[in-house]
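Colleague: If you scroll down you'll find the structure; I have some questions about it.
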Amino acid sequence: MSFNEDPNFGIRKAENLAEEIAPIRRRMNTADRKRQILDGAIQFFARHGIDGQLRNLTKELGVTHTLLYHYFPTKEALIKEVYKEVFESRWKPEWEELLDDKHLSPEEKLNAFYLDYTNTVLTYEFVRILIFSGLSDHSISDRFFELLRSRLLPRLIRETRKYCDRSTRPKPSHRELEFLMGLHGGIFYIGMRRWIYGQAIYDDSSPNAEQDIIRDRISSYLLSAKSLFA
């Protein structure tokens, strides 16, 4: 997605969703009704946080507590489905295949990965729900960071070591992981500025600014890693 749009566009869109899903009382099949409740819950948690009360959610959706609990017996069950939809479903196995590709250089891999990762992940719902979870029970943020630790960070450390002409065999050190999280967090901050602080990221006259910023950060990360760890 592009971050050159009106910085409040996603927020206003989310605020209008309740009006769009108000007619949920009309007859629909089980799958459609569950889907509509889940979509409404995603927008609700993105606006109000994980601590948002379900009575307010049902009011916005125009459904009874009984109906909500028929599809999602507990709040934890609902949050679990929100995680699957907003986080797990966006994870692409192709990212792991890309980072494992022996025909590409580390710099090519990191650029290709982060450009696609940013377009896929840094959405209104993803960024805000992740931040809200970190501020409450960590139920979503802990699961997502475990996904990063198991499937992404070791690959990125391996490619960083290749760029630095170092052995890829040892287990990543705490220092390496923290250095990598500086890059990862810096890229995630693009989404935070957009969806948390409501700030325009850069001038509309620079359509490729987002991609240039990401490439600059990757280049700076790799060059610094070579200086620090080589």
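Order determines the names: the first chain of the structure tokens is A, the second B, and so forth; residues in each chain are numbered 1 upward, and ligands are numbered 1 upward as they are shown.
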Near segment 134-138 of chain A, counting only C-alpha atoms, which residues have an atom at most 9 Å away, once you skip same-chain residues fewer than 5 positions from it, shown as a VMD selection string?

Modeller: chain A and resid 49 to 51 129 143

Colleague: Segment 85-140 of chain A: which residues are helix (DSSP H, G or I) by DSSP, as a PyMOL selection string?

Modeller: chain A and resi 85-86+88-90+93-100+106-121+124-135

Colleague: Dump as JSON lines the rows for residues of segment 61-127 of chain A within 10 Å of segment 151-174 of chain A: closest atom pair and distance in Å with one decimal, only C-alpha atoms counted, ordered by chain and rising residue number.

Modeller:
```
{"residue": "A:Pro93", "atom": "CA", "partner": "A:Arg151", "partner_atom": "CA", "distance": 9.5}
{"residue": "A:Trp95", "atom": "CA", "partner": "A:Leu152", "partner_atom": "CA", "distance": 8.5}
{"residue": "A:Glu96", "atom": "CA", "partner": "A:Leu152", "partner_atom": "CA", "distance": 7.3}
{"residue": "A:Leu99", "atom": "CA", "partner": "A:Arg155", "partner_atom": "CA", "distance": 6.5}
{"residue": "A:Asp100", "atom": "CA", "partner": "A:Arg155", "partner_atom": "CA", "distance": 7.5}
{"residue": "A:Ser105", "atom": "CA", "partner": "A:Tyr163", "partner_atom": "CA", "distance": 8.0}
{"residue": "A:Pro106", "atom": "CA", "partner": "A:Glu159", "partner_atom": "CA", "distance": 5.1}
{"residue": "A:Glu107", "atom": "CA", "partner": "A:Tyr163", "partner_atom": "CA", "distance": 7.6}
{"residue": "A:Lys109", "atom": "CA", "partner": "A:Glu159", "partner_atom": "CA", "distance": 8.1}
{"residue": "A:Leu110", "atom": "CA", "partner": "A:Leu156", "partner_atom": "CA", "distance": 7.6}
{"residue": "A:Phe113", "atom": "CA", "partner": "A:Leu156", "partner_atom": "CA", "distance": 9.9}
```

Colleague: Could you please determine the separation between atom CA of Ile37 of chain A and atom CA of Phe72 of chain A in Å, to one decimal place?

Modeller: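 One can read the atom CA of Ile37 of chain A to atom CA of Phe72 of chain A distance as 9.5 Å.
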
Colleague: What's around Asp212 of chain A at 12 Å? Count only C-alpha atoms, leave out sequence neighbours fewer than 3 positions away in its own chain, and write the answer as a ChimeraX atom specification.

Modeller: /A:111,114-115,187,202,206-209,215-219

Colleague: Counting only C-alpha atoms, which residue out of A:Phe179, A:Tyr197, A:Tyr83, A:Tyr71 sits closest to Ser141 of chain A?

Modeller: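 Of the candidates, the smallest distance to Ser141 of chain A is held by A:Tyr83.
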
Colleague: Any idea what the distance is between atom CA of Ala41 of chain A and atom CA of Lys84 of chain A?

Modeller: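 That distance, rounded to one decimal, is 12.8 Å.
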
Colleague: Would you compute the distance between atom CA of Met192 of chain A and atom CA of Val127 of chain A? Give it in Å to one decimal.

Modeller: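 Rounded to one decimal, the two atoms are 6.6 Å apart.
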
Colleague: Can you work out which one of A:Arg193, A:Lys92, A:Lys80, A:Arg175 has the shortest atom-to-atom distance to Phe229 of chain A, counting only C-alpha atoms?

Modeller: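 Of A:Arg193, A:Lys92, A:Lys80, A:Arg175, the one nearest Phe229 of chain A, counting only C-alpha atoms, is A:Arg175.
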